[in-house]
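Visitor: I'd like to ask you about the structure that follows.
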Amino acid sequence: MRQDFRCDCPFTSALDILGDKWILVIIKQMLIEGKETFKDFAESEEAIATNILSAKLKFLEEVGIVIKTKRPGNKKTNLYLLTEKGLALTPILVELATWSDAHLRDLHPTIVNGESMESLRNDKTAFAKALDKKYRKKLAGN
C-alpha cells in the first residue's frame with residue numbers, strides 16, 4: 001500500500017499515520033490493555049464502531065505497525081499484534097499519558113489516577129521499558 005503524505009515534514013508525516021483519533025487508542029489497547037482480537041477491541045470502553053475498527057486495523061497492518069496472524073490452537077480467530085514499528089511508539093504513548101496527567105485533570109477530573117499513573121509519574125523511562133518488556137514477553141508466548 002502506498003501512503004499519501006501531505007508534505008515532506010517528518011512531524012506532519014507522522015501525523016498522517018498516527019493523527020487519526022482511533023489509531024493511538026487501538027495501539028494503546030494493544031500495548032497497555034493486552035487486547036489482540038477484533039472482539040477485544042470492539043468491546044472496549046472507547047466504543048469504536050466495528051466498520052471503523054476494521055478499517056483502522058487494516059490500515060495499521062498496511063503501514064506495518066500491526067501484523068495479523070491466527071491464534072495458535074484456534075485458526076478461526078485473528079490476532080492483531082504490534083510489530084517493532086508499533087512497539088517503537090511506546091515512549092510516545094507514555095509521553096501522551098504524562099501530558100494528559102499533568103494538563104487535563106482540570107478539564108477531565110475522572111482521568112485514571114491509580115498505581116500505574118503513580119509508577120509513570122515516578123519514572124517514565126522505567127515505565128516505558130516495563131511496558132515494552134511485558135509486551136515482548138506476551139509475543140514470545142504467542
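Chain labels A, B, ... are given in the sequence in which chains occur in the C-alpha cells; within each chain residues are numbered consecutively from 1, and ligands are likewise numbered from 1 in the order shown.
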Set the distance at 8 Å and use only C-alpha atoms: which residues neighbour Thr125 of chain A once local chain neighbours fewer than 3 positions away are removed? I'd like the list as a PyMOL selection string.
Guide: chain A and resi 91+128-129
Visitor: Take the selection from the previous step and output its residues with C-alpha atoms, as an mmCIF file, in the first residue's frame.
Guide:
```cif
data_model
loop_
_atom_site.group_PDB
_atom_site.id
_atom_site.type_symbol
_atom_site.label_atom_id
_atom_site.label_comp_id
_atom_site.auth_asym_id
_atom_site.auth_seq_id
_atom_site.Cartn_x
_atom_site.Cartn_y
_atom_site.Cartn_z
ATOM 1 C CA PRO A 91 7.623 6.240 24.516
ATOM 2 C CA ALA A 128 8.034 2.553 29.119
ATOM 3 C CA LYS A 129 10.673 -0.181 29.392
#
```
Visitor: I need the residues of segment 4-129 of chain A that end up classed as alpha helix (DSSP H) by DSSP on the backbone, written out as an mmCIF file with N, CA and C atoms, in the first residue's frame.
Guide:
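Dumped everything to out17.cif:
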```cif
data_model
loop_
_atom_site.group_PDB
_atom_site.id
_atom_site.type_symbol
_atom_site.label_atom_id
_atom_site.label_comp_id
_atom_site.auth_asym_id
_atom_site.auth_seq_id
_atom_site.Cartn_x
_atom_site.Cartn_y
_atom_site.Cartn_z
ATOM 1 N N PRO A 10 8.731 15.678 8.692
ATOM 2 C CA PRO A 10 8.630 14.441 9.460
ATOM 3 C C PRO A 10 7.489 14.463 10.485
ATOM 4 N N PHE A 11 7.251 15.606 11.112
ATOM 5 C CA PHE A 11 6.169 15.716 12.093
ATOM 6 C C PHE A 11 4.813 15.516 11.414
ATOM 7 N N THR A 12 4.597 16.232 10.313
ATOM 8 C CA THR A 12 3.336 16.112 9.580
ATOM 9 C C THR A 12 3.169 14.706 9.014
ATOM 10 N N SER A 13 4.257 14.111 8.551
ATOM 11 C CA SER A 13 4.194 12.745 8.020
ATOM 12 C C SER A 13 3.784 11.752 9.105
ATOM 13 N N ALA A 14 4.321 11.918 10.305
ATOM 14 C CA ALA A 14 3.914 11.053 11.420
ATOM 15 C C ALA A 14 2.434 11.236 11.723
ATOM 16 N N LEU A 15 1.968 12.481 11.691
ATOM 17 C CA LEU A 15 0.548 12.737 11.941
ATOM 18 C C LEU A 15 -0.338 12.167 10.837
ATOM 19 N N ASP A 16 0.177 12.093 9.623
ATOM 20 C CA ASP A 16 -0.581 11.465 8.544
ATOM 21 C C ASP A 16 -0.879 10.001 8.864
ATOM 22 N N ILE A 17 -0.008 9.359 9.615
ATOM 23 C CA ILE A 17 -0.209 7.965 10.019
ATOM 24 C C ILE A 17 -0.924 7.875 11.366
ATOM 25 N N LEU A 18 -0.471 8.648 12.344
ATOM 26 C CA LEU A 18 -0.935 8.489 13.726
ATOM 27 C C LEU A 18 -2.006 9.482 14.162
ATOM 28 N N ILE A 23 -6.327 5.670 15.942
ATOM 29 C CA ILE A 23 -5.094 4.904 15.755
ATOM 30 C C ILE A 23 -4.336 4.696 17.070
ATOM 31 N N LEU A 24 -4.050 5.766 17.797
ATOM 32 C CA LEU A 24 -3.301 5.616 19.051
ATOM 33 C C LEU A 24 -4.127 4.926 20.129
ATOM 34 N N VAL A 25 -5.444 5.052 20.069
ATOM 35 C CA VAL A 25 -6.306 4.329 21.019
ATOM 36 C C VAL A 25 -6.134 2.823 20.812
ATOM 37 N N ILE A 26 -6.163 2.382 19.571
ATOM 38 C CA ILE A 26 -6.000 0.952 19.278
ATOM 39 C C ILE A 26 -4.614 0.470 19.702
ATOM 40 N N ILE A 27 -3.587 1.248 19.416
ATOM 41 C CA ILE A 27 -2.229 0.867 19.817
ATOM 42 C C ILE A 27 -2.123 0.809 21.337
ATOM 43 N N LYS A 28 -2.715 1.779 22.027
ATOM 44 C CA LYS A 28 -2.739 1.773 23.500
ATOM 45 C C LYS A 28 -3.445 0.530 24.025
ATOM 46 N N GLN A 29 -4.556 0.164 23.399
ATOM 47 C CA GLN A 29 -5.292 -1.022 23.833
ATOM 48 C C GLN A 29 -4.443 -2.278 23.686
ATOM 49 N N MET A 30 -3.654 -2.342 22.643
ATOM 50 C CA MET A 30 -2.790 -3.500 22.429
ATOM 51 C C MET A 30 -1.651 -3.525 23.441
ATOM 52 N N LEU A 31 -0.974 -2.406 23.565
ATOM 53 C CA LEU A 31 0.227 -2.330 24.393
ATOM 54 C C LEU A 31 -0.077 -2.378 25.885
ATOM 55 N N PHE A 38 -10.319 -8.831 17.335
ATOM 56 C CA PHE A 38 -11.323 -7.855 16.908
ATOM 57 C C PHE A 38 -12.373 -7.686 18.005
ATOM 58 N N LYS A 39 -12.792 -8.791 18.589
ATOM 59 C CA LYS A 39 -13.792 -8.752 19.665
ATOM 60 C C LYS A 39 -13.288 -7.943 20.858
ATOM 61 N N ASP A 40 -12.028 -8.136 21.224
ATOM 62 C CA ASP A 40 -11.436 -7.365 22.332
ATOM 63 C C ASP A 40 -11.581 -5.866 22.082
ATOM 64 N N PHE A 41 -11.208 -5.440 20.881
ATOM 65 C CA PHE A 41 -11.270 -4.014 20.550
ATOM 66 C C PHE A 41 -12.713 -3.520 20.492
ATOM 67 N N ALA A 42 -13.587 -4.310 19.873
ATOM 68 C CA ALA A 42 -14.985 -3.905 19.687
ATOM 69 C C ALA A 42 -15.718 -3.753 21.017
ATOM 70 N N THR A 50 -17.657 -0.951 14.629
ATOM 71 C CA THR A 50 -16.958 -2.088 14.026
ATOM 72 C C THR A 50 -16.451 -1.797 12.614
ATOM 73 N N ASN A 51 -17.180 -1.006 11.839
ATOM 74 C CA ASN A 51 -16.698 -0.688 10.489
ATOM 75 C C ASN A 51 -15.442 0.185 10.547
ATOM 76 N N ILE A 52 -15.404 1.100 11.502
ATOM 77 C CA ILE A 52 -14.217 1.946 11.679
ATOM 78 C C ILE A 52 -13.060 1.103 12.200
ATOM 79 N N LEU A 53 -13.344 0.238 13.163
ATOM 80 C CA LEU A 53 -12.316 -0.642 13.715
ATOM 81 C C LEU A 53 -11.687 -1.494 12.615
ATOM 82 N N SER A 54 -12.510 -2.085 11.764
ATOM 83 C CA SER A 54 -11.988 -2.900 10.651
ATOM 84 C C SER A 54 -11.046 -2.088 9.774
ATOM 85 N N ALA A 55 -11.468 -0.889 9.432
ATOM 86 C CA ALA A 55 -10.650 -0.029 8.567
ATOM 87 C C ALA A 55 -9.341 0.362 9.245
ATOM 88 N N LYS A 56 -9.394 0.692 10.534
ATOM 89 C CA LYS A 56 -8.179 1.124 11.242
ATOM 90 C C LYS A 56 -7.202 -0.030 11.426
ATOM 91 N N LEU A 57 -7.705 -1.227 11.761
ATOM 92 C CA LEU A 57 -6.817 -2.380 11.898
ATOM 93 C C LEU A 57 -6.158 -2.708 10.559
ATOM 94 N N LYS A 58 -6.923 -2.640 9.489
ATOM 95 C CA LYS A 58 -6.360 -2.883 8.154
ATOM 96 C C LYS A 58 -5.292 -1.841 7.830
ATOM 97 N N PHE A 59 -5.570 -0.584 8.126
ATOM 98 C CA PHE A 59 -4.598 0.488 7.890
ATOM 99 C C PHE A 59 -3.318 0.247 8.697
ATOM 100 N N LEU A 60 -3.460 -0.071 9.982
ATOM 101 C CA LEU A 60 -2.290 -0.324 10.830
ATOM 102 C C LEU A 60 -1.457 -1.485 10.285
ATOM 103 N N GLU A 61 -2.129 -2.473 9.742
ATOM 104 C CA GLU A 61 -1.422 -3.596 9.129
ATOM 105 C C GLU A 61 -0.702 -3.142 7.853
ATOM 106 N N GLU A 62 -1.373 -2.354 7.039
ATOM 107 C CA GLU A 62 -0.788 -1.892 5.775
ATOM 108 C C GLU A 62 0.451 -1.024 5.976
ATOM 109 N N GLU A 84 7.709 -4.303 15.496
ATOM 110 C CA GLU A 84 8.758 -3.443 16.062
ATOM 111 C C GLU A 84 8.417 -1.973 15.838
ATOM 112 N N LYS A 85 7.894 -1.669 14.667
ATOM 113 C CA LYS A 85 7.493 -0.291 14.363
ATOM 114 C C LYS A 85 6.400 0.163 15.334
ATOM 115 N N GLY A 86 5.475 -0.720 15.643
ATOM 116 C CA GLY A 86 4.421 -0.395 16.602
ATOM 117 C C GLY A 86 4.950 -0.239 18.012
ATOM 118 N N LEU A 87 5.824 -1.153 18.419
ATOM 119 C CA LEU A 87 6.412 -1.063 19.763
ATOM 120 C C LEU A 87 7.264 0.184 19.933
ATOM 121 N N THR A 90 5.906 3.145 21.950
ATOM 122 C CA THR A 90 5.724 3.093 23.406
ATOM 123 C C THR A 90 6.104 4.401 24.092
ATOM 124 N N PRO A 91 7.281 4.981 23.835
ATOM 125 C CA PRO A 91 7.623 6.240 24.516
ATOM 126 C C PRO A 91 6.650 7.378 24.185
ATOM 127 N N ILE A 92 6.101 7.369 22.982
ATOM 128 C CA ILE A 92 5.143 8.412 22.600
ATOM 129 C C ILE A 92 3.865 8.272 23.411
ATOM 130 N N LEU A 93 3.381 7.041 23.566
ATOM 131 C CA LEU A 93 2.182 6.819 24.380
ATOM 132 C C LEU A 93 2.423 7.218 25.831
ATOM 133 N N VAL A 94 3.605 6.900 26.338
ATOM 134 C CA VAL A 94 3.952 7.277 27.715
ATOM 135 C C VAL A 94 3.970 8.799 27.853
ATOM 136 N N GLU A 95 4.547 9.483 26.888
ATOM 137 C CA GLU A 95 4.574 10.955 26.933
ATOM 138 C C GLU A 95 3.168 11.546 26.849
ATOM 139 N N LEU A 96 2.313 10.970 26.026
ATOM 140 C CA LEU A 96 0.930 11.455 25.942
ATOM 141 C C LEU A 96 0.199 11.272 27.270
ATOM 142 N N ALA A 97 0.407 10.126 27.911
ATOM 143 C CA ALA A 97 -0.215 9.892 29.218
ATOM 144 C C ALA A 97 0.323 10.869 30.257
ATOM 145 N N THR A 98 1.612 11.141 30.209
ATOM 146 C CA THR A 98 2.231 12.094 31.134
ATOM 147 C C THR A 98 1.657 13.489 30.926
ATOM 148 N N TRP A 99 1.543 13.903 29.682
ATOM 149 C CA TRP A 99 0.980 15.218 29.363
ATOM 150 C C TRP A 99 -0.477 15.298 29.822
ATOM 151 N N SER A 100 -1.233 14.262 29.544
ATOM 152 C CA SER A 100 -2.639 14.228 29.943
ATOM 153 C C SER A 100 -2.775 14.330 31.460
ATOM 154 N N ASP A 101 -1.954 13.574 32.169
ATOM 155 C CA ASP A 101 -1.966 13.597 33.635
ATOM 156 C C ASP A 101 -1.657 14.993 34.164
ATOM 157 N N ALA A 102 -0.703 15.662 33.560
ATOM 158 C CA ALA A 102 -0.268 16.981 34.038
ATOM 159 C C ALA A 102 -1.175 18.127 33.602
ATOM 160 N N HIS A 103 -1.850 17.980 32.463
ATOM 161 C CA HIS A 103 -2.538 19.141 31.891
ATOM 162 C C HIS A 103 -4.035 18.994 31.645
ATOM 163 N N GLU A 115 -2.363 3.257 40.648
ATOM 164 C CA GLU A 115 -0.986 2.811 40.877
ATOM 165 C C GLU A 115 -0.125 2.938 39.620
ATOM 166 N N SER A 116 -0.698 2.619 38.465
ATOM 167 C CA SER A 116 0.105 2.708 37.241
ATOM 168 C C SER A 116 0.472 4.153 36.919
ATOM 169 N N MET A 117 -0.437 5.090 37.194
ATOM 170 C CA MET A 117 -0.105 6.504 36.958
ATOM 171 C C MET A 117 0.980 6.968 37.927
ATOM 172 N N GLU A 118 0.936 6.488 39.134
ATOM 173 C CA GLU A 118 1.975 6.840 40.106
ATOM 174 C C GLU A 118 3.331 6.313 39.631
ATOM 175 N N SER A 119 3.327 5.092 39.127
ATOM 176 C CA SER A 119 4.552 4.500 38.587
ATOM 177 C C SER A 119 5.064 5.311 37.396
ATOM 178 N N LEU A 120 4.153 5.735 36.538
ATOM 179 C CA LEU A 120 4.510 6.563 35.388
ATOM 180 C C LEU A 120 5.107 7.891 35.837
ATOM 181 N N ARG A 121 4.485 8.530 36.814
ATOM 182 C CA ARG A 121 4.986 9.814 37.318
ATOM 183 C C ARG A 121 6.381 9.674 37.923
ATOM 184 N N ASN A 122 6.620 8.579 38.604
ATOM 185 C CA ASN A 122 7.895 8.384 39.291
ATOM 186 C C ASN A 122 9.062 8.151 38.336
ATOM 187 N N LYS A 124 9.207 7.702 34.056
ATOM 188 C CA LYS A 124 8.638 7.457 32.721
ATOM 189 C C LYS A 124 9.443 6.427 31.937
ATOM 190 N N THR A 125 10.753 6.538 32.015
ATOM 191 C CA THR A 125 11.609 5.645 31.236
ATOM 192 C C THR A 125 11.438 4.205 31.687
ATOM 193 N N ALA A 126 11.457 3.983 32.988
ATOM 194 C CA ALA A 126 11.273 2.631 33.517
ATOM 195 C C ALA A 126 9.878 2.107 33.184
ATOM 196 N N PHE A 127 8.880 2.979 33.241
ATOM 197 C CA PHE A 127 7.512 2.596 32.908
ATOM 198 C C PHE A 127 7.435 2.136 31.451
ATOM 199 N N ALA A 128 8.035 2.907 30.544
ATOM 200 C CA ALA A 128 8.034 2.553 29.119
ATOM 201 C C ALA A 128 8.771 1.237 28.885
ATOM 202 N N LYS A 129 9.908 1.059 29.542
ATOM 203 C CA LYS A 129 10.673 -0.181 29.392
ATOM 204 C C LYS A 129 9.880 -1.374 29.903
#
```
Visitor: Atom CA of Thr77 of chain A and atom CA of Glu36 of chain A are how many Å apart?
Guide: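 Atom-to-atom, atom CA of Thr77 of chain A and atom CA of Glu36 of chain A are spaced 10.0 Å apart.
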Visitor: Return as a list in words the full set of residues in chain A whose backbone-based DSSP assignment is strand (DSSP E or B).
Guide: Val66, Ile67, Lys68, Thr69, Lys70, Arg71, Asn74, Lys75, Lys76, Thr77, Asn78, Leu79, Tyr80, Leu81 and Leu82 of chain A
Visitor: Compile the contact shell of Leu81 of chain A as an NGL selection string: residues with an atom at most 7 Å away, counting only C-alpha atoms, same-chain residues fewer than 6 positions apart removed.
Guide: :A and (36 or 66-68)
Visitor: Just checking: using only C-alpha atoms, which residue out of A:Thr69, A:Asn74, A:Ser44, A:Thr110 ends up closest to Leu139 of chain A?
Guide: A:Thr69
Visitor: I'd like the interatomic distance between atom CA of Leu89 of chain A and atom CA of Arg6 of chain A, to a tenth of an Å.
Guide: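 Going from atom CA of Leu89 of chain A over to atom CA of Arg6 of chain A, I get 21.2 Å.
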Visitor: Atom CA of Ala47 of chain A and atom CA of Asp106 of chain A are how many Å apart?
Guide: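 So the two atoms, atom CA of Ala47 of chain A and atom CA of Asp106 of chain A, lie 24.1 Å apart.
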Visitor: Select, from A:Cys9, A:Ile48, A:Ile65, A:Ala88, the residue with the minimum atom-to-atom distance to Asp132 of chain A, counting only C-alpha atoms.
Guide: A:Ala88
